[in-house]
Amino acid sequence: MSKIHFYDRRFGYLFVSPAVIILSIVILAPITIAIITSFYDYTLINRTLDSFIGLRNYFESVSNEKFIHSAIVTIVFVILVVLFEFIIGFLIAILLNQVERFRNIYYFILLIPLLINPIVVGLIWRMFLHPQLGILNYLISLVGIDPINWLGDPQNAFITIIFVDIWHQVSFMIILLLAGLASIPEEPYEAARVDGANAFQQFRDITLPYMRPVIIITLLIRLIFALKTYDLIYIMTKGGPGDATDLISYYIYRSAFIGLDLGQAASMSVILLLIVCVIIYPLFKFMNRADE
Amino acid sequence: MNSKHIQLIGVTKNFGKNTVVNNISFEIADNEFFVLLGPSGCGKSTTLRMIAGLEDISEGKIISNGVDITEEDPKDRNMAFVFQNYALYPHMDVRKNLSYSLKLRKVEKSKINQKIEWVSNLLKINELLDRKPSQLSGGQRQRVALGRSLVREPNAFLLDEPLSNLDAQLRVEMRQELTLLQKDLSKTFIYVTHDQVEAMTMASRICIMNHGEVLQIGKPQEVYDKPNSIFVAKFLANPVNNILKSKIIKKDDSLWIESLNIFINNQNLNNLSEIYFSIRPENLKLNNHDQPYNFEVKIIQIENHGHELLISAQLEFDKQIIYFRTTKDKYFMIGEKIKLYFHIKDLLFFDMITERIIT
């Protein structure tokens, strides 16, 4: 390597260093601290890293029934939410992809839920769903249905939370999938029409193969975010009634700031991180295969 | 002449307020190699796509073998379409690309394999069957696209500028192969191109279009020798045609073409005072023996094309530029004055306003 190359390279490092430093401080440092904390008996009452306890926090976490329960609730929640958002989102994206007129207006309307802060979404829906004052119960009373306790009954609350999350996040799917659909060239469809493929065959043999990378990315991002769902629960149910909607992020939050056991909460966070890694790994592999 | 295969009757295509194809009608015979030729945006591709059923028809009718197919689905027209950028299915290997239409038609597996073997032998793509389109060169993709249209054994092949993405040498090879293929299959080919060399070399008949209208239809040599308008005369030229302007003045029984300073006899020009005229560069010869119809020019540029010289010269009278071709063993100097002559049959006249030929 010549002198100038080395010189250039050093300059390169110099230019990226601000980004690297900031990212280290903002992302790497907290993660490292969390991992370190998870090995200590660190509580908000005893805020010193003086009692190293090895993996005890982890053992306690995985043998904690409430933690296991919230992990299961979270997995059911994530699967249902992502599945429905994907199916509904893909259907709407396909329909919108055919539309020429007022396309931008539809885009804008779709974007509105995404632009609303999750806290606000929670508040809006809490008002809509209020058992006595909510508009939803009023509307169903018009067709003669008895008021429903949307958030007060354990089963209802879980379904209601899923519904609100779909309402909030489905646009995300639509927009990403729509972008993918719009990038498929027209010619393969025309070739398929001449070859005699009907609408379903065109979808199966052209749309789906073309969309595979987009679908995987979309699912991946939504999965990761759904696993971290917190704000909606905080505003709408506080994990209740009972522990019906006690998603893992919310349980960790409670352990940390209500239970005050930060070491324990940190170990749970690390476990959540591992769960996320296990789930997204196969998708990543699948995506790389699609790129080939 | 063979029986009629495909007829277009008053076919019009509007995109919003734009009329891209305006009330065109023609007939294509069975087993004909019919070329739609024109500059980009002339409506030739749209016409082809309407024949294929990929584009709705705003007005008019398309008849195939006596049946009105205007409203029919592309797949029911028994025509194959070859796209300019091949439009192969990128996620299927070559074998699947070839067999897709047959699978959709639920053809037996053994029959499909037979067809694929036949096509891949014919087009020499046996080696490529297990590859994806992205692993193929442009020429190979072209062959696969062609193969995909062949396996269905359609009545007509519609080809939309199929050679325009290939390099020059490959284009010459594929031109010959396609011509042979069409003879072998004896099927109707409708071929869209903007390349007049392709049209001249491959077509049994050429249809020249511009601004969504048909200007002239005829055998290549006919259209070349007797273009019916200035546009056709200019477009069918390799590399250039001479289109010049001149005043004409009646003197006694004959007409004086001012720019060339020659006298001719032509009753049809009697009432005109100015015309366009054309003489192809290859029809201008060096005047060694004092032929009639000769005129003087001054050489201003000499282009050596290897096998011949293309020389641009100025008319003595009004300095208009005229091109002529000559063998490379001649020597000329820039600024040299020489005399050229032509046969009167090669001199064509066009109306100044309509730009149509005057016969």
# chains A, B, ... in the order shown; residues from 1 in each chain; ligands from 1
call {"tool": "closest_atom_pairs", "arguments": {"of": "chain A", "to": "chain B", "cutoff": "6 Å", "atoms": "only C-alpha atoms", "output": "tab-separated table"}}
result
residue	atom	partner	partner_atom	distance
A:Glu187	CA	B:Ala87	CA	5.3
A:Pro188	CA	B:Ala87	CA	5.0
A:Val194	CA	B:Lys75	CA	4.8
A:Asp195	CA	B:Ser101	CA	4.6
A:Gly196	CA	B:Lys75	CA	4.6
call {"tool": "residues_around", "arguments": {"residues": "stretch 22-29 of chain B", "least_positions_apart": "3", "cutoff": "8 Å", "atoms": "only C-alpha atoms", "output": "PyMOL selection string"}}
result
chain B and resi 1-13+19+32+34+59-60+188+212-214
call {"tool": "write_last_selection", "arguments": {"atoms": "N, CA, C and O atoms", "output": "PDB file, in the first residue's frame"}}
result
ATOM      1  N   MET B   1     -51.504 -14.128 -53.865  1.00  0.00           N
ATOM      2  CA  MET B   1     -51.348 -13.729 -52.456  1.00  0.00           C
ATOM      3  C   MET B   1     -52.068 -14.716 -51.549  1.00  0.00           C
ATOM      4  O   MET B   1     -53.118 -15.240 -51.881  1.00  0.00           O
ATOM      5  N   ASN B   2     -51.477 -14.945 -50.410  1.00  0.00           N
ATOM      6  CA  ASN B   2     -52.085 -15.855 -49.440  1.00  0.00           C
ATOM      7  C   ASN B   2     -53.355 -15.254 -48.857  1.00  0.00           C
ATOM      8  O   ASN B   2     -53.662 -14.089 -49.056  1.00  0.00           O
ATOM      9  N   SER B   3     -54.031 -16.074 -48.095  1.00  0.00           N
ATOM     10  CA  SER B   3     -55.276 -15.593 -47.495  1.00  0.00           C
ATOM     11  C   SER B   3     -54.974 -14.570 -46.410  1.00  0.00           C
ATOM     12  O   SER B   3     -53.887 -14.539 -45.854  1.00  0.00           O
ATOM     13  N   LYS B   4     -55.983 -13.788 -46.104  1.00  0.00           N
ATOM     14  CA  LYS B   4     -55.836 -12.784 -45.059  1.00  0.00           C
ATOM     15  C   LYS B   4     -55.699 -13.472 -43.714  1.00  0.00           C
ATOM     16  O   LYS B   4     -56.435 -14.396 -43.412  1.00  0.00           O
ATOM     17  N   HIS B   5     -54.793 -13.007 -42.917  1.00  0.00           N
ATOM     18  CA  HIS B   5     -54.678 -13.563 -41.584  1.00  0.00           C
ATOM     19  C   HIS B   5     -55.182 -12.550 -40.551  1.00  0.00           C
ATOM     20  O   HIS B   5     -56.126 -12.802 -39.843  1.00  0.00           O
ATOM     21  N   ILE B   6     -54.538 -11.401 -40.549  1.00  0.00           N
ATOM     22  CA  ILE B   6     -54.915 -10.392 -39.561  1.00  0.00           C
ATOM     23  C   ILE B   6     -55.317  -9.111 -40.291  1.00  0.00           C
ATOM     24  O   ILE B   6     -54.616  -8.660 -41.201  1.00  0.00           O
ATOM     25  N   GLN B   7     -56.446  -8.563 -39.876  1.00  0.00           N
ATOM     26  CA  GLN B   7     -56.917  -7.322 -40.475  1.00  0.00           C
ATOM     27  C   GLN B   7     -57.126  -6.284 -39.393  1.00  0.00           C
ATOM     28  O   GLN B   7     -57.724  -6.592 -38.361  1.00  0.00           O
ATOM     29  N   LEU B   8     -56.648  -5.083 -39.644  1.00  0.00           N
ATOM     30  CA  LEU B   8     -56.970  -3.969 -38.767  1.00  0.00           C
ATOM     31  C   LEU B   8     -57.918  -3.060 -39.526  1.00  0.00           C
ATOM     32  O   LEU B   8     -57.639  -2.701 -40.674  1.00  0.00           O
ATOM     33  N   ILE B   9     -59.021  -2.718 -38.890  1.00  0.00           N
ATOM     34  CA  ILE B   9     -60.005  -1.876 -39.568  1.00  0.00           C
ATOM     35  C   ILE B   9     -60.252  -0.631 -38.728  1.00  0.00           C
ATOM     36  O   ILE B   9     -60.820  -0.716 -37.646  1.00  0.00           O
ATOM     37  N   GLY B  10     -59.765   0.482 -39.225  1.00  0.00           N
ATOM     38  CA  GLY B  10     -60.001   1.777 -38.554  1.00  0.00           C
ATOM     39  C   GLY B  10     -59.592   1.796 -37.101  1.00  0.00           C
ATOM     40  O   GLY B  10     -60.288   2.351 -36.249  1.00  0.00           O
ATOM     41  N   VAL B  11     -58.450   1.202 -36.789  1.00  0.00           N
ATOM     42  CA  VAL B  11     -58.047   1.076 -35.395  1.00  0.00           C
ATOM     43  C   VAL B  11     -57.480   2.401 -34.873  1.00  0.00           C
ATOM     44  O   VAL B  11     -56.627   3.019 -35.512  1.00  0.00           O
ATOM     45  N   THR B  12     -57.993   2.830 -33.732  1.00  0.00           N
ATOM     46  CA  THR B  12     -57.579   4.094 -33.109  1.00  0.00           C
ATOM     47  C   THR B  12     -57.265   3.834 -31.649  1.00  0.00           C
ATOM     48  O   THR B  12     -57.906   3.008 -31.013  1.00  0.00           O
ATOM     49  N   LYS B  13     -56.244   4.510 -31.142  1.00  0.00           N
ATOM     50  CA  LYS B  13     -55.927   4.400 -29.719  1.00  0.00           C
ATOM     51  C   LYS B  13     -55.736   5.787 -29.140  1.00  0.00           C
ATOM     52  O   LYS B  13     -54.910   6.566 -29.619  1.00  0.00           O
ATOM     53  N   THR B  19     -54.096  11.134 -29.191  1.00  0.00           N
ATOM     54  CA  THR B  19     -54.356  10.036 -30.113  1.00  0.00           C
ATOM     55  C   THR B  19     -53.011   9.512 -30.575  1.00  0.00           C
ATOM     56  O   THR B  19     -52.273  10.209 -31.257  1.00  0.00           O
ATOM     57  N   GLU B  32     -46.750 -14.072 -43.584  1.00  0.00           N
ATOM     58  CA  GLU B  32     -46.037 -12.888 -44.038  1.00  0.00           C
ATOM     59  C   GLU B  32     -45.083 -12.411 -42.957  1.00  0.00           C
ATOM     60  O   GLU B  32     -45.363 -12.551 -41.767  1.00  0.00           O
ATOM     61  N   PHE B  34     -44.231  -9.186 -41.696  1.00  0.00           N
ATOM     62  CA  PHE B  34     -44.756  -7.833 -41.831  1.00  0.00           C
ATOM     63  C   PHE B  34     -44.044  -6.937 -40.830  1.00  0.00           C
ATOM     64  O   PHE B  34     -44.064  -7.211 -39.639  1.00  0.00           O
ATOM     65  N   GLU B  59     -61.088   2.632 -30.816  1.00  0.00           N
ATOM     66  CA  GLU B  59     -62.078   2.501 -31.893  1.00  0.00           C
ATOM     67  C   GLU B  59     -61.534   1.539 -32.929  1.00  0.00           C
ATOM     68  O   GLU B  59     -60.330   1.418 -33.085  1.00  0.00           O
ATOM     69  N   GLY B  60     -62.437   0.897 -33.642  1.00  0.00           N
ATOM     70  CA  GLY B  60     -62.008   0.028 -34.721  1.00  0.00           C
ATOM     71  C   GLY B  60     -62.086  -1.440 -34.346  1.00  0.00           C
ATOM     72  O   GLY B  60     -62.555  -1.793 -33.264  1.00  0.00           O
ATOM     73  N   THR B 188     -46.992 -16.315 -39.466  1.00  0.00           N
ATOM     74  CA  THR B 188     -47.042 -14.867 -39.633  1.00  0.00           C
ATOM     75  C   THR B 188     -46.169 -14.196 -38.564  1.00  0.00           C
ATOM     76  O   THR B 188     -46.273 -14.513 -37.391  1.00  0.00           O
ATOM     77  N   GLY B 212     -48.746   8.191 -35.559  1.00  0.00           N
ATOM     78  CA  GLY B 212     -49.937   7.362 -35.404  1.00  0.00           C
ATOM     79  C   GLY B 212     -50.682   7.066 -36.690  1.00  0.00           C
ATOM     80  O   GLY B 212     -51.804   6.590 -36.656  1.00  0.00           O
ATOM     81  N   GLU B 213     -50.051   7.383 -37.829  1.00  0.00           N
ATOM     82  CA  GLU B 213     -50.735   7.104 -39.090  1.00  0.00           C
ATOM     83  C   GLU B 213     -49.861   6.275 -40.002  1.00  0.00           C
ATOM     84  O   GLU B 213     -48.636   6.357 -39.954  1.00  0.00           O
ATOM     85  N   VAL B 214     -50.528   5.481 -40.842  1.00  0.00           N
ATOM     86  CA  VAL B 214     -49.788   4.676 -41.807  1.00  0.00           C
ATOM     87  C   VAL B 214     -49.489   5.548 -43.011  1.00  0.00           C
ATOM     88  O   VAL B 214     -50.375   6.166 -43.581  1.00  0.00           O
TER      89      VAL B 214
END
call {"tool": "closest_residue", "arguments": {"among": "A:Ala34, A:Ile87, A:Asn149, A:Gln201", "to": "A:Ile166", "atoms": "only C-alpha atoms"}}
result
A:Ile87
call {"tool": "select_by_dssp", "arguments": {"residues": "stretch 195-338 of chain B", "states": "alpha helix (DSSP H)", "output": "list of chain:residue names"}}
result
B:Gln196, B:Val197, B:Glu198, B:Ala199, B:Met200, B:Thr201, B:Met202, B:Pro220, B:Gln221, B:Glu222, B:Val223, B:Tyr224, B:Asp225, B:Ile230, B:Phe231, B:Val232, B:Ala233, B:Lys234, B:Phe235
call {"tool": "residues_around", "arguments": {"residues": "B:Gly43", "least_positions_apart": "3", "cutoff": "7 Å", "atoms": "only C-alpha atoms", "output": "PyMOL selection string"}}
result
chain B and resi 20-21+46-47+211-212
